[in-house]
Amino acid sequence: MAQEFIGIKRRVPYEGVIERVVIHNSDTRSLLIRIPGASEFSFAPGQFISVIIPAGDKPITRSYSLASSPEDGQPFEICLNLIDGGVGSNYLFSLKEGSTLSFTGPFGVFTLNEPPQVETVFIAEGTAIAPIRPMLRRAISTPDHPPLSLIYTAPDGEHLLYRSEFEALAQRDPRFRFEPIITATGRLSALLDDLERRYVKGDALRERHFYICGVGNDVLKLRDLLRGAGYPRRWVEYERW
Ligand SMILES: Cc1cc2nc3c(=O)[nH]c(=O)nc-3n(C[C@H](O)[C@H](O)[C@H](O)COP(=O)(O)OP(=O)(O)OC[C@H]3O[C@@H](n4cnc5c(N)ncnc54)[C@H](O)[C@@H]3O)c2cc1C
């Protein structure tokens with residue numbers, strides 16, 4: 001476990017093979033990647049890899065969270081959506097089963113390694129569920145865990161990824177609440193008022209741990225709202241894409 005938390009950070013690129021492509025919807029897919037010959041690729045729930053994108057003379061890199069759990073082993077999973085004109089996502093969408101890709105990692109401190117001690121709220125939009133999924137699985141892994149919630153927004157049902165998995169977890173475990181929320185934009189901005197009502201104005205309890213993942217400034221707005229309301233800084237953890 002200790003090794004997992006640290007992760008074996010590697011800057012010499014790995015060469016991975018795409019073993020399977022999972023199509024979630026028209027613009028979202030998962031790539032299941034295996035490193036041939038490597039028996040182990042250890043990481044902490046929430047970490048990401050840095051994929052080398054061969055773009056012109058100078059390759060660029062793009063980060064992708066590990067959507068599977070460390071205990072799943074290989075192949076591990078990344079999950080991404082296609083960005084109109086985006087070099088990284090278009091490259092990854094061009095790869096097929098059997099294609100290879102280069103990456104370094106794992107990286108990142110947005111992690112949940114040990115099951116939490118206090119009520120924990122996970123908040124995500126769209127593909128930003130990727131780092132949250134293994135965190136949630138780790139959090140739920142002890143029978144006497146504190147209350148856990150996943151508040152997950154998307155623009156439609158197809159973009160609520162892993163929905164049946166989360167529903168099954170919630171059915172089995174009364175201490176886990178899954179709240180899928182469909183909004184017109186599917187963005188965190190649509191949740192801000194509701195989250196303020198629940199976790200800021202709704203009670204004076206400030207013993208909650210938040211893990212937030214999404215795209216752009218909405219993540220920072222939510223972070224500032226919660227920290228400004230008195231939640232300890234270290235308990236409002238976030239990753240902004
Ligand atoms: C730590 C970290 C982990 C990440 N993990 C993932 C992941 O698991 N899955 C994933 O799809 N992306 C993830 N991203 C985003 C990813 O690295 C790329 O930014 C994304 O794929 C767009 O790259 P691009 O080259 O196609 O487009 P670019 O031209 O580089 O990006 C265009 C715009 O898209 C925005 N953007 C970035 N990601 C998204 C998104 N998912 N949806 C909508 N807009 C976005 C960017 O802010 C930018 O303004 C992560 C980013 C970081 C920093």
# chains A, B, ... in the order shown; residues from 1 in each chain; ligands from 1
>>> select_by_dssp(residues="segment 3-239 of chain A", states="helix (DSSP H, G or I)", output="ChimeraX atom specification")
/A:3-6,70-72,87-94,126-129,132-139,157-159,163-172,188-201,217-228,233-235
>>> residues_near_ligand(ligand="ligand 1", cutoff="6 Å", atoms="only C-alpha atoms and all ligand atoms", output="PDB file with N, CA and C atoms, in the first residue's frame")
ATOM      1  N   PHE A  48      -2.619  10.231 -12.542  1.00  0.00           N
ATOM      2  CA  PHE A  48      -2.779  10.286 -13.999  1.00  0.00           C
ATOM      3  C   PHE A  48      -1.474   9.909 -14.698  1.00  0.00           C
ATOM      4  N   ARG A  62      -0.222  15.225 -22.980  1.00  0.00           N
ATOM      5  CA  ARG A  62      -1.555  15.479 -22.399  1.00  0.00           C
ATOM      6  C   ARG A  62      -1.751  14.489 -21.249  1.00  0.00           C
ATOM      7  N   SER A  63      -2.384  14.985 -20.194  1.00  0.00           N
ATOM      8  CA  SER A  63      -2.588  14.157 -18.999  1.00  0.00           C
ATOM      9  C   SER A  63      -3.919  13.405 -19.069  1.00  0.00           C
ATOM     10  N   TYR A  64      -3.915  12.161 -18.635  1.00  0.00           N
ATOM     11  CA  TYR A  64      -5.160  11.382 -18.555  1.00  0.00           C
ATOM     12  C   TYR A  64      -5.186  10.590 -17.251  1.00  0.00           C
ATOM     13  N   SER A  65      -6.269  10.742 -16.527  1.00  0.00           N
ATOM     14  CA  SER A  65      -6.414  10.090 -15.226  1.00  0.00           C
ATOM     15  C   SER A  65      -6.607   8.595 -15.407  1.00  0.00           C
ATOM     16  N   ILE A  78      -7.834   4.414 -19.256  1.00  0.00           N
ATOM     17  CA  ILE A  78      -8.046   5.861 -19.275  1.00  0.00           C
ATOM     18  C   ILE A  78      -9.344   6.108 -20.034  1.00  0.00           C
ATOM     19  N   CYS A  79      -9.979   7.217 -19.738  1.00  0.00           N
ATOM     20  CA  CYS A  79     -11.292   7.501 -20.308  1.00  0.00           C
ATOM     21  C   CYS A  79     -11.272   8.955 -20.765  1.00  0.00           C
ATOM     22  N   LEU A  80     -11.648   9.199 -22.001  1.00  0.00           N
ATOM     23  CA  LEU A  80     -11.539  10.575 -22.479  1.00  0.00           C
ATOM     24  C   LEU A  80     -12.639  10.927 -23.467  1.00  0.00           C
ATOM     25  N   ASN A  81     -12.847  12.239 -23.607  1.00  0.00           N
ATOM     26  CA  ASN A  81     -13.799  12.707 -24.602  1.00  0.00           C
ATOM     27  C   ASN A  81     -13.077  13.491 -25.685  1.00  0.00           C
ATOM     28  N   ILE A  83     -12.276  16.401 -28.099  1.00  0.00           N
ATOM     29  CA  ILE A  83     -12.407  17.862 -28.092  1.00  0.00           C
ATOM     30  C   ILE A  83     -12.279  18.327 -29.539  1.00  0.00           C
ATOM     31  N   GLY A  86      -8.954  19.421 -30.850  1.00  0.00           N
ATOM     32  CA  GLY A  86      -7.949  19.131 -29.809  1.00  0.00           C
ATOM     33  C   GLY A  86      -6.929  18.107 -30.308  1.00  0.00           C
ATOM     34  N   VAL A  87      -5.666  18.455 -30.250  1.00  0.00           N
ATOM     35  CA  VAL A  87      -4.612  17.590 -30.807  1.00  0.00           C
ATOM     36  C   VAL A  87      -4.526  16.269 -30.041  1.00  0.00           C
ATOM     37  N   GLY A  88      -4.546  16.355 -28.703  1.00  0.00           N
ATOM     38  CA  GLY A  88      -4.355  15.157 -27.887  1.00  0.00           C
ATOM     39  C   GLY A  88      -5.517  14.186 -28.012  1.00  0.00           C
ATOM     40  N   SER A  89      -6.709  14.677 -27.844  1.00  0.00           N
ATOM     41  CA  SER A  89      -7.858  13.766 -27.854  1.00  0.00           C
ATOM     42  C   SER A  89      -8.082  13.198 -29.252  1.00  0.00           C
ATOM     43  N   ASN A  90      -7.849  14.008 -30.301  1.00  0.00           N
ATOM     44  CA  ASN A  90      -8.007  13.472 -31.666  1.00  0.00           C
ATOM     45  C   ASN A  90      -6.976  12.390 -31.957  1.00  0.00           C
ATOM     46  N   THR A 127     -16.336  13.322 -18.154  1.00  0.00           N
ATOM     47  CA  THR A 127     -15.202  12.391 -18.043  1.00  0.00           C
ATOM     48  C   THR A 127     -14.350  12.653 -16.814  1.00  0.00           C
ATOM     49  N   ALA A 130     -13.235  10.201 -14.104  1.00  0.00           N
ATOM     50  CA  ALA A 130     -12.146   9.210 -14.226  1.00  0.00           C
ATOM     51  C   ALA A 130     -11.318   9.062 -12.947  1.00  0.00           C
ATOM     52  N   VAL A 215     -13.596  20.653 -15.464  1.00  0.00           N
ATOM     53  CA  VAL A 215     -12.848  21.451 -16.444  1.00  0.00           C
ATOM     54  C   VAL A 215     -13.011  22.940 -16.139  1.00  0.00           C
ATOM     55  N   GLY A 216     -11.906  23.667 -16.106  1.00  0.00           N
ATOM     56  CA  GLY A 216     -11.954  25.136 -16.074  1.00  0.00           C
ATOM     57  C   GLY A 216     -12.253  25.741 -14.718  1.00  0.00           C
ATOM     58  N   TRP A 241      -8.988  20.519 -14.887  1.00  0.00           N
ATOM     59  CA  TRP A 241      -8.460  20.178 -16.201  1.00  0.00           C
ATOM     60  C   TRP A 241      -8.516  21.397 -17.112  1.00  0.00           C
TER      61      TRP A 241
END
>>> select_by_dssp(residues="segment 9-217 of chain A", states="strand (DSSP E or B)", output="MDAnalysis selection string")
chainID A and resid 10:25 28:34 48:53 60:66 76:81 100:107 120:125 148:154 176:182 209:214
>>> closest_residue(among="A:Leu160, A:Ala38, A:Val12, A:Ile23", to="Gly105 of chain A", atoms="only C-alpha atoms")
A:Val12
>>> closest_residue(among="A:Pro131, A:Glu165, A:Pro146, A:Tyr199", to="Glu239 of chain A", atoms="only C-alpha atoms")
A:Pro131
>>> closest_residue(among="A:Leu161, A:Ala154, A:Leu195, A:Ile129", to="Ile182 of chain A", atoms="only C-alpha atoms")
A:Ala154
>>> closest_residue(among="A:Ala170, A:Ala229, A:Leu31, A:Met135", to="Phe76 of chain A", atoms="only C-alpha atoms")
A:Leu31
>>> residues_around(residues="segment 183-186 of chain A", least_positions_apart="2", cutoff="9 Å", atoms="only C-alpha atoms", output="PyMOL selection string")
chain A and resi 125-126+153-156+159+181+188-191
